[in-house]
Amino acid sequence: MKTIDSIPTSKIQRASKLVTTGAKIGVNYLKYYGDKLTKTELEAKARLNENNAEDIYDGLKTLKGSALKVAQMLSMEKSILPKAYVEKFSLSQFSVPPLSPALVIKTFKRYFGKNPSEIYDKFDAVSVNAASIGQVHKAEKDGKKLAVKIQYPGVADSIASDLSLVKPIAVKMFNIRGKDSDKYFEEVENKLVEETNYILEVEQSKEIVAACKHIPNLNFPEYYSDLSSDRIITMDWMNGVHLSEFSTDKQETSNKLGQALWDFYMFQMHKLKKVHADPHPGNFLVSPEDELIVIDFGCMKTIPMEFYTPYFELAKPENISDPVLFEQKLYELEILREDDSKEELDFFRAMFHEMLSLFTQPLNKEVFDFSDEEFFGKISDLGSKYAKSTELKNMNGNRGSKHFIYINRTFFGLYNLMHDLKAKNVKINNFKSL
């Protein structure tokens, strides 16, 4: 894979890169209008989406950092984005051009004050895995195989400016307006700031490993504080296959991995009130023994009780079917607003009733089959329905507690991973006995 010798770090450099990308998108639209003369609308739109997705991703992958992280987050929203965007943006999870070996050594010395050769017995300057915020290298020390994650230069310093560049796109995509809409962007910015703080990540990693290591068929690396810094993390090297690349024809194995993944998330959600809020395939491996390995705890979301209580009360069928209680919880969660018009109240009340009636079904079963194509087809159809809704586009999309951003992301990502595993007979409340 081609490597990168430099990353644009100043606001002007990064903005210029996005302007160039914008110009390419303009050319793509000209091609689209030409294609409409010789192709069907469906064919022309498909080519436009493919070209735009490729150009946007190519621009973001050289910027890395927050801009690429946002693309990674969007790649999990399979019902919102066209398929071409989901496929291209999903590459940001674990497959982007890495820094060149020379830049790696320079960056490491800048962060640690020493060359890697002064820290480790062996260090491979060629990356084995590159993502949005950092890349991973193999190393050895005292006979132990290690993974060393190095943060890209300039990432932590460009979060605010990156988000200001992508904010107009997000506002348009999700129809966010109103004076208090900044709370959503502040939530994302705060989480990205945390993700660039590798000292915090090591602390969180040790905390979650200690709390969850008893869960069956689940493994974690050990983290080494003395070999880590605010921009470098050293942990055990874990042998395994990325979840996105894993396949098996043994249903028993799929069920075992699915149960471990589900127990891990439900235990955190309900027992710890703090959850790994980045459930994409790049953060999970499957070991040679077919056990699940969790390797990244940069994005952790604390769930305050004032959100946790009404959120899970709305997951109960008896509350969804009680009009008075249902509306009360919608107000508590800021889904309905005091300044809503009657039209908005009616629309969002009906919309969330439909969504929650479907999406909470697994939570209300003793055992659930996540390989059920009909269930996931309904989720996809519902997402497409509201993504195309002209009525929704004319209403204020600024609604819902800021905590929805990462908790909903967690559930959407978890459901997708469970479906990809084709896990069946998953015991939904198994976490209670752990």
# chains A, B, ... in the order shown; residues from 1 in each chain; ligands from 1
call {"tool": "residues_around", "arguments": {"residues": "A:Ala260", "least_positions_apart": "3", "cutoff": "8 Å", "atoms": "only C-alpha atoms", "output": "PyMOL selection string"}}
result
chain A and resi 215-218+256-257+263-264+292
call {"tool": "write_last_selection", "arguments": {"atoms": "N, CA, C and O atoms", "output": "compact mmCIF listing (two decimals), in the first residue's frame"}}
result
# COMPACT_ATOMS: atom_id res chain seq x y z
N ILE A 215 -16.07 -12.26 31.54
CA ILE A 215 -17.09 -12.63 30.54
C ILE A 215 -16.53 -13.75 29.67
O ILE A 215 -15.43 -13.63 29.11
N PRO A 216 -17.26 -14.85 29.52
CA PRO A 216 -16.76 -16.00 28.75
C PRO A 216 -16.45 -15.66 27.29
O PRO A 216 -17.14 -14.86 26.67
N ASN A 217 -15.40 -16.30 26.77
CA ASN A 217 -15.00 -16.20 25.36
C ASN A 217 -14.63 -14.78 24.93
O ASN A 217 -14.78 -14.42 23.76
N LEU A 218 -14.14 -14.01 25.87
CA LEU A 218 -13.76 -12.62 25.59
C LEU A 218 -12.34 -12.40 26.08
O LEU A 218 -12.00 -12.77 27.22
N LYS A 256 -21.27 -18.54 19.54
CA LYS A 256 -20.36 -18.30 20.67
C LYS A 256 -19.81 -16.87 20.63
O LYS A 256 -19.80 -16.16 21.65
N LEU A 257 -19.36 -16.44 19.45
CA LEU A 257 -18.83 -15.08 19.31
C LEU A 257 -19.91 -14.04 19.51
O LEU A 257 -19.69 -13.01 20.16
N ASP A 263 -22.96 -10.05 25.39
CA ASP A 263 -22.75 -9.98 26.85
C ASP A 263 -21.83 -8.83 27.22
O ASP A 263 -22.05 -8.13 28.22
N PHE A 264 -20.78 -8.63 26.42
CA PHE A 264 -19.83 -7.55 26.65
C PHE A 264 -20.54 -6.20 26.66
O PHE A 264 -20.35 -5.38 27.56
N LEU A 292 -13.45 -13.87 21.08
CA LEU A 292 -13.50 -12.48 20.67
C LEU A 292 -12.44 -11.66 21.42
O LEU A 292 -12.30 -11.79 22.64
call {"tool": "closest_atom_pairs", "arguments": {"of": "stretch 343-416 of chain A", "to": "stretch 280-285 of chain A", "cutoff": "9 Å", "atoms": "only C-alpha atoms", "output": "Markdown table"}}
result
| residue | atom | partner | partner_atom | distance |
| --- | --- | --- | --- | --- |
| A:Gly413 | CA | A:His280 | CA | 6.2 |
| A:Leu414 | CA | A:His280 | CA | 8.0 |
| A:Asn416 | CA | A:His280 | CA | 8.7 |
call {"tool": "select_by_dssp", "arguments": {"residues": "stretch 198-245 of chain A", "states": "helix (DSSP H, G or I)", "output": "ChimeraX atom specification"}}
result
/A:198-212,225-227,243-245
call {"tool": "write_last_selection", "arguments": {"atoms": "N, CA and C atoms", "output": "short mmCIF file (atom, residue, chain, number, x, y, z; two decimals), in the first residue's frame"}}
result
data_model
loop_
_atom_site.label_atom_id
_atom_site.label_comp_id
_atom_site.auth_asym_id
_atom_site.auth_seq_id
_atom_site.Cartn_x
_atom_site.Cartn_y
_atom_site.Cartn_z
N TYR A 198 -4.17 9.51 24.65
CA TYR A 198 -3.82 8.10 24.80
C TYR A 198 -3.55 7.71 26.26
N ILE A 199 -3.20 8.67 27.10
CA ILE A 199 -3.06 8.36 28.53
C ILE A 199 -4.42 7.97 29.09
N LEU A 200 -5.46 8.73 28.71
CA LEU A 200 -6.82 8.42 29.12
C LEU A 200 -7.25 7.07 28.57
N GLU A 201 -6.89 6.79 27.31
CA GLU A 201 -7.28 5.52 26.71
C GLU A 201 -6.68 4.33 27.45
N VAL A 202 -5.42 4.45 27.86
CA VAL A 202 -4.79 3.36 28.62
C VAL A 202 -5.51 3.15 29.94
N GLU A 203 -5.86 4.26 30.61
CA GLU A 203 -6.60 4.17 31.88
C GLU A 203 -7.95 3.50 31.67
N GLN A 204 -8.68 3.93 30.62
CA GLN A 204 -10.00 3.35 30.34
C GLN A 204 -9.88 1.88 29.96
N SER A 205 -8.84 1.56 29.21
CA SER A 205 -8.64 0.18 28.78
C SER A 205 -8.45 -0.74 29.98
N LYS A 206 -7.59 -0.32 30.90
CA LYS A 206 -7.33 -1.13 32.09
C LYS A 206 -8.60 -1.28 32.94
N GLU A 207 -9.36 -0.20 33.02
CA GLU A 207 -10.60 -0.21 33.81
C GLU A 207 -11.62 -1.20 33.25
N ILE A 208 -11.83 -1.16 31.93
CA ILE A 208 -12.82 -2.03 31.30
C ILE A 208 -12.34 -3.48 31.28
N VAL A 209 -11.06 -3.68 31.04
CA VAL A 209 -10.51 -5.05 31.06
C VAL A 209 -10.73 -5.69 32.43
N ALA A 210 -10.45 -4.93 33.49
CA ALA A 210 -10.62 -5.45 34.85
C ALA A 210 -12.08 -5.78 35.14
N ALA A 211 -13.00 -4.95 34.62
CA ALA A 211 -14.43 -5.14 34.89
C ALA A 211 -15.05 -6.24 34.05
N CYS A 212 -14.48 -6.51 32.85
CA CYS A 212 -15.14 -7.43 31.90
C CYS A 212 -14.37 -8.71 31.61
N SER A 225 1.65 1.11 30.74
CA SER A 225 1.71 2.56 30.97
C SER A 225 3.12 3.10 30.83
N ASP A 226 4.12 2.33 31.25
CA ASP A 226 5.50 2.81 31.19
C ASP A 226 6.04 2.87 29.76
N LEU A 227 5.35 2.21 28.84
CA LEU A 227 5.77 2.25 27.43
C LEU A 227 4.78 3.05 26.58
N LEU A 243 -12.76 -8.79 12.59
CA LEU A 243 -14.12 -9.31 12.53
C LEU A 243 -14.70 -9.20 11.12
N SER A 244 -14.33 -8.14 10.39
CA SER A 244 -14.85 -7.94 9.04
C SER A 244 -14.31 -8.99 8.06
N GLU A 245 -13.16 -9.59 8.39
CA GLU A 245 -12.53 -10.57 7.51
C GLU A 245 -12.79 -12.00 7.97
#
call {"tool": "residues_around", "arguments": {"residues": "A:Lys145", "least_positions_apart": "5", "cutoff": "8 Å", "atoms": "only C-alpha atoms", "output": "list in words"}}
result
Lys138, Ala139, Glu140, Asp236 and Trp237 of chain A
call {"tool": "residues_around", "arguments": {"residues": "A:Thr107", "least_positions_apart": "4", "cutoff": "7 Å", "atoms": "only C-alpha atoms", "output": "number ranges by chain"}}
result
A: 103, 111, 153
call {"tool": "closest_residue", "arguments": {"among": "A:Tyr184, A:Phe108, A:Tyr311, A:Phe347", "to": "A:Ile150", "atoms": "only C-alpha atoms"}}
result
A:Phe108
call {"tool": "residues_around", "arguments": {"residues": "A:Val128", "least_positions_apart": "4", "cutoff": "8 Å", "atoms": "only C-alpha atoms", "output": "list in words"}}
result
Gln135, Val136, His137 and Lys138 of chain A
call {"tool": "atom_distance", "arguments": {"atom1": "atom CA of A:Glu338", "atom2": "atom CA of A:Val324"}}
result
15.8 Å
call {"tool": "closest_residue", "arguments": {"among": "A:Ile295, A:His276, A:Ile407, A:Met266", "to": "A:His242", "atoms": "only C-alpha atoms"}}
result
A:Ile295
call {"tool": "closest_residue", "arguments": {"among": "A:Pro323, A:Pro317, A:Gly143, A:Gly134", "to": "A:Val104", "atoms": "only C-alpha atoms"}}
result
A:Gly134
call {"tool": "residues_around", "arguments": {"residues": "A:Met300", "least_positions_apart": "3", "cutoff": "7 Å", "atoms": "only C-alpha atoms", "output": "ChimeraX atom specification"}}
result
/A:274-277,297
